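Here is the structure we will look at.
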Amino acid sequence: MYFKLARRNIKRSAKDYVIYFITIIFIVMIMYSFLALGFSADIISISENMPIFTTYIIALSVIVTLISSFIVSYAVGFMLKQRKKEFAIYELLGMEVGAIQKLFLIENAVIGVLAFLIGLAAGTMLVGILTQIVKNIFDIPHSYRVSFSIKALLLSFVFFTLMYGAGLARSIRIIRQKKIVDLLYDSRKNEVISKQGRTSLRLALVIFSVFAIGTGIFLGGYGLTMQTNSAWGYLIGSIILLLAGVYVIYRNFPIMLITYAKRKNLKYSECNLFYLGQIGHRVQSSGRMMAITAILLTISLMTMFIGLVTGAGYKANMETYYPYDAGVAFDAPFTKNSFDGLISFVDEKCPVQEEIVFYLHDVDGYSIDALALSDYNALRSMLGLETVELPDDEYLVHCDTWTHIESIRAAMNKQPDVTIMDATLKNPQARINEEAMEQFQMAGTNGYVLIVADTIAAMLPANKIRVVMKLENGGIPELRSEIRRYLNSGQWHPELQAGEILPEHVTMGVTVKAWGLSNSLTSFTSISFCGLYLSIVFILLSCSILAFEQLSALDINRRNYQIIDKIGVSRQMQQKLVHRELSTFFFIPLVLPIIVMAVLMFGAQRLYSAYVYQKGIIPLYGFATITVFAILYSAYYVVTCHLFKSNIFMNKT
Amino acid sequence: MGASGSGKTTLLNCISTIDRASAGHIYLAGTDVTEIKEKEIARFRRENLGFVFQDFNLLDTLTVSENIALTLTINHVSPEQVSGLVHKIAVTLDIADILEKYPYQISGGQKQRCACARALINKPKLILADEPTGALDSHSSQVLLSTIQSINTELGATILMVTHDAFSASHASRILFLRDGEIFGEILKEHDTRRVFFEKILDILTKIGGGVGDVF
């Protein structure tokens with residue numbers, strides 16, 4: 001009998017359940033598809049460290065479960081609010097509380113199972129698309145294929161049961177604790193603008209918040225330019241100030257809006273009175289809700305944008321991080337001949353088209369290595385760069401790590417000349433070459449080098465040796481581990497330069513472009529997809545809170561709209577008022593995320609675009625972020641608007 | 001007047017354009033109400049009609065003064081005039097001291113006077129009152145009916161009141177009786193005292209049959 005009643009109830013309160021239902025479907029869909037992606041054998045086998053992606057996705061799913069259980073209990077709270085009169089009547093008619101709980105449980109279980117199944121089906125479709133996107137990133141040929149993952153299904157089911165169970169348990173507790181009288185009589189009271197909150201105090205608070213936001217931005221900007229650990233202090237401080245500022249502004253916004261509108265006689269124009277009443281009667285809770293959603297939306301947009309741009313930027317930059325197909329570095333005084341064996345070993349695996357063996361020289365009294373001009377030019381020609389000329393009494397600096405350039409320039413201004421072995425070298429044009437050549441970062445050097453004439457270099461000790469190779473077809477990812485194995489196997493016998501001894505610790509570095517690229521793509525995929533996953537869930541959370549909040553007072557709203565209809569407000573005007581009311585709640589929280597996104601995109605473009613070696617990445621992914629966001633947000637807005645209108649204007653001809 | 005189910009509220013709804021008549025015509029100040037286009041209805045309603053309902057229909061989200069002002073703002077009265085007009089009508093209806101309260105903070109009688117103020121402030125050609133005393137105690141009813149009467153005599157507004165209560169009806173100057181959707185009879189107060197008029201009403205109600213219960 002309960003099942004029958006429950007089924008009828010669902011049918012009757014279908015409108016109330018819509019948003020709830022959609023949100024759960026979305027969450028299951030997103031959770032299942034990302035888990036399935038993480039478990040997909042196709043994806044894991046793409047690169048050596050791809051399994052870390054699976055770990056990230058599972059870890060994030062735990063967070064998503066926690067967040068979603070919050071949505072579920074919020075949604076359940078909303079349902080209870082909508083139907084408390086109905087439950088009170090059941091109770092008055094003699095139904096036991098336990099039976100009512102059972103009824104509610106059955107209803108929700110039906111909804112939950114249905115939503116889970118639909119979400120699963122939609123998720124299965126989505127996995128195909130996500131897999132294609134990942135394969136596209138790795139330049140692997142792909143076609144759309146529907147596949148099913150038992151592991152992902154089981155894990156989604158566990159997470160779903162946890163989040164849904166937590167939400168339902170809460171609702172059962174609420175039903176038990178409520179008394180009939182609470183259930184029957186709703187308080188119609190309007191929330192009052194608190195008396196302590198005088199306008200002047202409020203204004204001071206808002207000015208203070210604006211100041212806090214300004215300080216937050218300044219601290220954040222300052223923190224970003226710092227290279228030390230105290231940067232974290234600045235960044236955390238900045239985030240706290242920003243969040244506090246934003247929260248206070250949003251909490252006070254509706255109150256200020258109403259106070260302003262009432263003062264300026266604005267309230268007497270057109271239907272402003274009604275609109276202000278609609279907004280004003282929940283002035284406190286709507287401010288709080290706007291504050292929370294604004295912050296959530298900002299976090300989700302930032303996560304998505306930063307995730308996508310960092311990931312894409314990473315991919316674009318990898319080409320320049322690995323300019324040579326293969327390279328080996330030793331911080332030890334070996335002879336150049338030592339590498340003959342290695343080169344022929346590599347040649348057997350992948351034919352070597354060109355190789356350069358060169359030294360980095362210690363410069364007494366300076367924390368920078370020196371590179372002979374001829375080696376420098378050889379490297380440049382290998383990379384297709386123009387060779388440079390340098391008189392014997394001059395030097396130049398090569399630095400392809402942008403974070404160091406300013407400090408090198410400052411040091412050169414302070415002390416323009418370099419003294420090496422009694423010879424004073426000048427750099428009259430303060431030349432710093434910045435092309436990506438990267439050889440200097442192998443095995444622990446700092447990403448910059450001093451280029452000097454060969455005669456000067458020959459006088460300096462050569463304690464670091466490097467070999468770089470150009471391979472046919474760019475080489476293979478496995479080459480890295482094979483080279484390492486060869487170097488550590490005992491087959492390789494390096495010779496020391498005459499009169500040199502082997503240092504106690506020898507630093508060794510092996511880079512292989514093919515390996516680096518495939519692994520950087522893993523990072524790209526992990527960062528982007530995790531960002532996307534988390535932010536979509538955040539957006540769903542904010543949207544459903546907004547939607548529930550708007551639909552929670554439908555009874556009162558319906559009555560209010562009926563009244564203005566009777567006193568002669570046209571249907572057109574009523575529709576306009578509905579849109580105005582809903583957009584106030586839906587779009588004011590967007591102001592902050594939009595400003596933050598604009599600042600972020602502008603700032604990222606200005607600060608980092610020079611260091612992302614592919615044009616248009618920031619605007620492209622900014623646009624992608626905004627599109628995903630806009631689609632989800634408008635879907636919720638349209639559904640809410642439709643439900644709101646169909647409830648308000650029902651039974652009207 | 002008429003028993004429940006006799007068609008009072010349906011008639012009122014048709015006159016007030018809230019409902020559409022399935023047959024026949026209704027003329028109000030020369031306009032055929034049944035012929036007004038959908039788009040024009042709202043305008044016709046706000047320019048010609050005022051409403052007083054049994055359950056007041058005040059917006060809980062607005063104060064008393066804002067509820068009254070709402071009608072003016074819908075009619076595009078200039079904002080500078082609004083406060084003055086609201087205050088004036090509030091003084092007339094003796095609700096000036098509760099203007100800043102919300103509907104849920106005042107009594108039923110006060111709410112209904114507020115609803116009257118809202119109906120009147122726009123100087124409509126016709127005020128439609130559907131069981132205005134239905135939710136009020138006898139004292140509040142008495143006060144309200146006197147108010148409505150003075151609105152009629154002093155402010156010159158025509159009031160069409162629907163009621164099944166003979167006492168309320170005795171404040172009218174002309175009464176139409178409905179039974180099963182048809183006019184059963186009509187009486188005019190003319191020079192009668194209220195007591196005599198009240199007796200006449202009871203007589204007719206007895207004839208109708210359905211109204212006896214209201215008397216005894």
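Every chain in the structure tokens has a letter given in the order shown (A, B, ...), and although residue numbers restart at 1 in each chain, ligands are simply numbered from 1 in the order shown.
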Mind running chain B against chain A at 10 Å and telling me each contacting residue's nearest atom pair with the distance in Å (one decimal), counting only C-alpha atoms, chain and number ascending, as JSON lines?
```
{"residue": "B:Ser16", "atom": "CA", "partner": "A:Lys566", "partner_atom": "CA", "distance": 8.7}
{"residue": "B:Thr17", "atom": "CA", "partner": "A:Lys566", "partner_atom": "CA", "distance": 9.0}
{"residue": "B:Ile18", "atom": "CA", "partner": "A:Lys566", "partner_atom": "CA", "distance": 7.1}
{"residue": "B:Asp19", "atom": "CA", "partner": "A:Thr653", "partner_atom": "CA", "distance": 8.6}
{"residue": "B:Arg20", "atom": "CA", "partner": "A:Thr653", "partner_atom": "CA", "distance": 9.3}
{"residue": "B:Glu38", "atom": "CA", "partner": "A:Arg571", "partner_atom": "CA", "distance": 9.3}
{"residue": "B:Lys39", "atom": "CA", "partner": "A:Ser570", "partner_atom": "CA", "distance": 7.6}
{"residue": "B:Glu40", "atom": "CA", "partner": "A:Ser570", "partner_atom": "CA", "distance": 8.4}
{"residue": "B:Ile41", "atom": "CA", "partner": "A:Ser570", "partner_atom": "CA", "distance": 7.7}
{"residue": "B:Ala42", "atom": "CA", "partner": "A:Gly568", "partner_atom": "CA", "distance": 4.5}
{"residue": "B:Arg43", "atom": "CA", "partner": "A:Gly568", "partner_atom": "CA", "distance": 6.3}
{"residue": "B:Phe44", "atom": "CA", "partner": "A:Gly568", "partner_atom": "CA", "distance": 7.6}
{"residue": "B:Arg45", "atom": "CA", "partner": "A:Gly568", "partner_atom": "CA", "distance": 5.0}
{"residue": "B:Arg46", "atom": "CA", "partner": "A:Gly568", "partner_atom": "CA", "distance": 4.4}
{"residue": "B:Glu47", "atom": "CA", "partner": "A:Gly568", "partner_atom": "CA", "distance": 8.1}
{"residue": "B:Asn48", "atom": "CA", "partner": "A:Gly568", "partner_atom": "CA", "distance": 9.6}
{"residue": "B:Leu49", "atom": "CA", "partner": "A:Ile567", "partner_atom": "CA", "distance": 8.0}
{"residue": "B:Gly50", "atom": "CA", "partner": "A:Ile567", "partner_atom": "CA", "distance": 7.1}
{"residue": "B:Phe51", "atom": "CA", "partner": "A:Ile567", "partner_atom": "CA", "distance": 6.9}
{"residue": "B:Val52", "atom": "CA", "partner": "A:Ile567", "partner_atom": "CA", "distance": 9.8}
{"residue": "B:Phe56", "atom": "CA", "partner": "A:Ile563", "partner_atom": "CA", "distance": 9.5}
{"residue": "B:Asn57", "atom": "CA", "partner": "A:Ile563", "partner_atom": "CA", "distance": 5.9}
{"residue": "B:Leu58", "atom": "CA", "partner": "A:Ile563", "partner_atom": "CA", "distance": 7.3}
{"residue": "B:Leu59", "atom": "CA", "partner": "A:Asn560", "partner_atom": "CA", "distance": 6.0}
{"residue": "B:Asp60", "atom": "CA", "partner": "A:Arg188", "partner_atom": "CA", "distance": 7.2}
{"residue": "B:Thr61", "atom": "CA", "partner": "A:Gly277", "partner_atom": "CA", "distance": 4.8}
{"residue": "B:Leu62", "atom": "CA", "partner": "A:Gly277", "partner_atom": "CA", "distance": 5.4}
{"residue": "B:Thr63", "atom": "CA", "partner": "A:Gly277", "partner_atom": "CA", "distance": 8.8}
{"residue": "B:Glu66", "atom": "CA", "partner": "A:Leu273", "partner_atom": "CA", "distance": 6.9}
{"residue": "B:Asn67", "atom": "CA", "partner": "A:Leu273", "partner_atom": "CA", "distance": 8.4}
{"residue": "B:Ala69", "atom": "CA", "partner": "A:Tyr268", "partner_atom": "CA", "distance": 7.5}
{"residue": "B:Leu70", "atom": "CA", "partner": "A:Leu273", "partner_atom": "CA", "distance": 6.4}
{"residue": "B:Thr71", "atom": "CA", "partner": "A:Ile567", "partner_atom": "CA", "distance": 7.0}
{"residue": "B:Leu72", "atom": "CA", "partner": "A:Tyr268", "partner_atom": "CA", "distance": 8.1}
{"residue": "B:Thr73", "atom": "CA", "partner": "A:Glu270", "partner_atom": "CA", "distance": 5.2}
{"residue": "B:Ile74", "atom": "CA", "partner": "A:Glu270", "partner_atom": "CA", "distance": 5.5}
{"residue": "B:Asn75", "atom": "CA", "partner": "A:Glu270", "partner_atom": "CA", "distance": 7.8}
{"residue": "B:His76", "atom": "CA", "partner": "A:Glu270", "partner_atom": "CA", "distance": 6.1}
{"residue": "B:Val77", "atom": "CA", "partner": "A:Ser269", "partner_atom": "CA", "distance": 8.0}
{"residue": "B:Ser78", "atom": "CA", "partner": "A:Ser269", "partner_atom": "CA", "distance": 7.4}
{"residue": "B:Pro79", "atom": "CA", "partner": "A:Tyr268", "partner_atom": "CA", "distance": 4.9}
{"residue": "B:Glu80", "atom": "CA", "partner": "A:Asn265", "partner_atom": "CA", "distance": 7.6}
{"residue": "B:Gln81", "atom": "CA", "partner": "A:Tyr268", "partner_atom": "CA", "distance": 9.4}
{"residue": "B:Val82", "atom": "CA", "partner": "A:Tyr268", "partner_atom": "CA", "distance": 7.1}
{"residue": "B:Ser83", "atom": "CA", "partner": "A:Tyr268", "partner_atom": "CA", "distance": 9.0}
{"residue": "B:Tyr102", "atom": "CA", "partner": "A:Asn190", "partner_atom": "CA", "distance": 8.5}
{"residue": "B:Pro103", "atom": "CA", "partner": "A:Lys189", "partner_atom": "CA", "distance": 9.5}
{"residue": "B:Tyr104", "atom": "CA", "partner": "A:Lys189", "partner_atom": "CA", "distance": 7.2}
{"residue": "B:Gln105", "atom": "CA", "partner": "A:Lys189", "partner_atom": "CA", "distance": 8.9}
{"residue": "B:Arg118", "atom": "CA", "partner": "A:Ile567", "partner_atom": "CA", "distance": 9.1}
{"residue": "B:Ala119", "atom": "CA", "partner": "A:Ile567", "partner_atom": "CA", "distance": 8.3}
```
Residues of segment 59-155 of chain B in alpha helix (DSSP H), written as an NGL selection string
:B and (64-74 or 79-92 or 108-120 or 138-154)
Could you tell me how far atom CA of Ser6 of chain B lies from atom CA of Asp165 of chain B, in Å and to one decimal?
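Pair atom CA of Ser6 of chain B / atom CA of Asp165 of chain B returns 13.7 Å.
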As a ChimeraX atom specification, please: the residues near Glu100 of chain B (cut-off 8 Å, only C-alpha atoms, same-chain neighbours under 3 positions excluded).
/B:63-65,97
Could you jot down the atom CA of Met29 of chain A to atom CA of Gly119 of chain A separation for me, Å, one decimal place?
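So the two atoms, atom CA of Met29 of chain A and atom CA of Gly119 of chain A, lie 4.4 Å apart.
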All residues 8 Å or closer to Leu136 of chain B, only C-alpha atoms, same chain fewer than 4 positions away omitted, as a list in words:
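Near Leu136 of chain B, the qualifying residues are Gly108, Gly109, Ser140 and Ser141 of chain B.
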Could you tell me how far atom CA of Tyr633 of chain A sits from atom CA of Cys543 of chain A, in Å to one decimal place?
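For atom CA of Cys543 of chain A relative to atom CA of Tyr633 of chain A, the distance reads 6.5 Å.
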Per residue of segment 73-160 of chain B within 8 Å of segment 170-192 of chain B, what are the shortest atom pair and its distance in Å to one decimal, counting only C-alpha atoms, with rows by chain and residue number, as JSON lines?
```
{"residue": "B:Leu145", "atom": "CA", "partner": "B:His171", "partner_atom": "CA", "distance": 6.9}
{"residue": "B:Ser146", "atom": "CA", "partner": "B:His171", "partner_atom": "CA", "distance": 7.9}
{"residue": "B:Gln149", "atom": "CA", "partner": "B:His171", "partner_atom": "CA", "distance": 6.8}
```
Residue selection dump (C-alpha atoms) as a PDB file, in the first residue's frame:
```pdb
ATOM      1  CA  LEU B 145     -19.886  47.715   6.701  1.00  0.00           C
ATOM      2  CA  SER B 146     -20.219  51.266   8.008  1.00  0.00           C
ATOM      3  CA  GLN B 149     -21.444  52.505   3.324  1.00  0.00           C
TER       4      GLN B 149
END
```
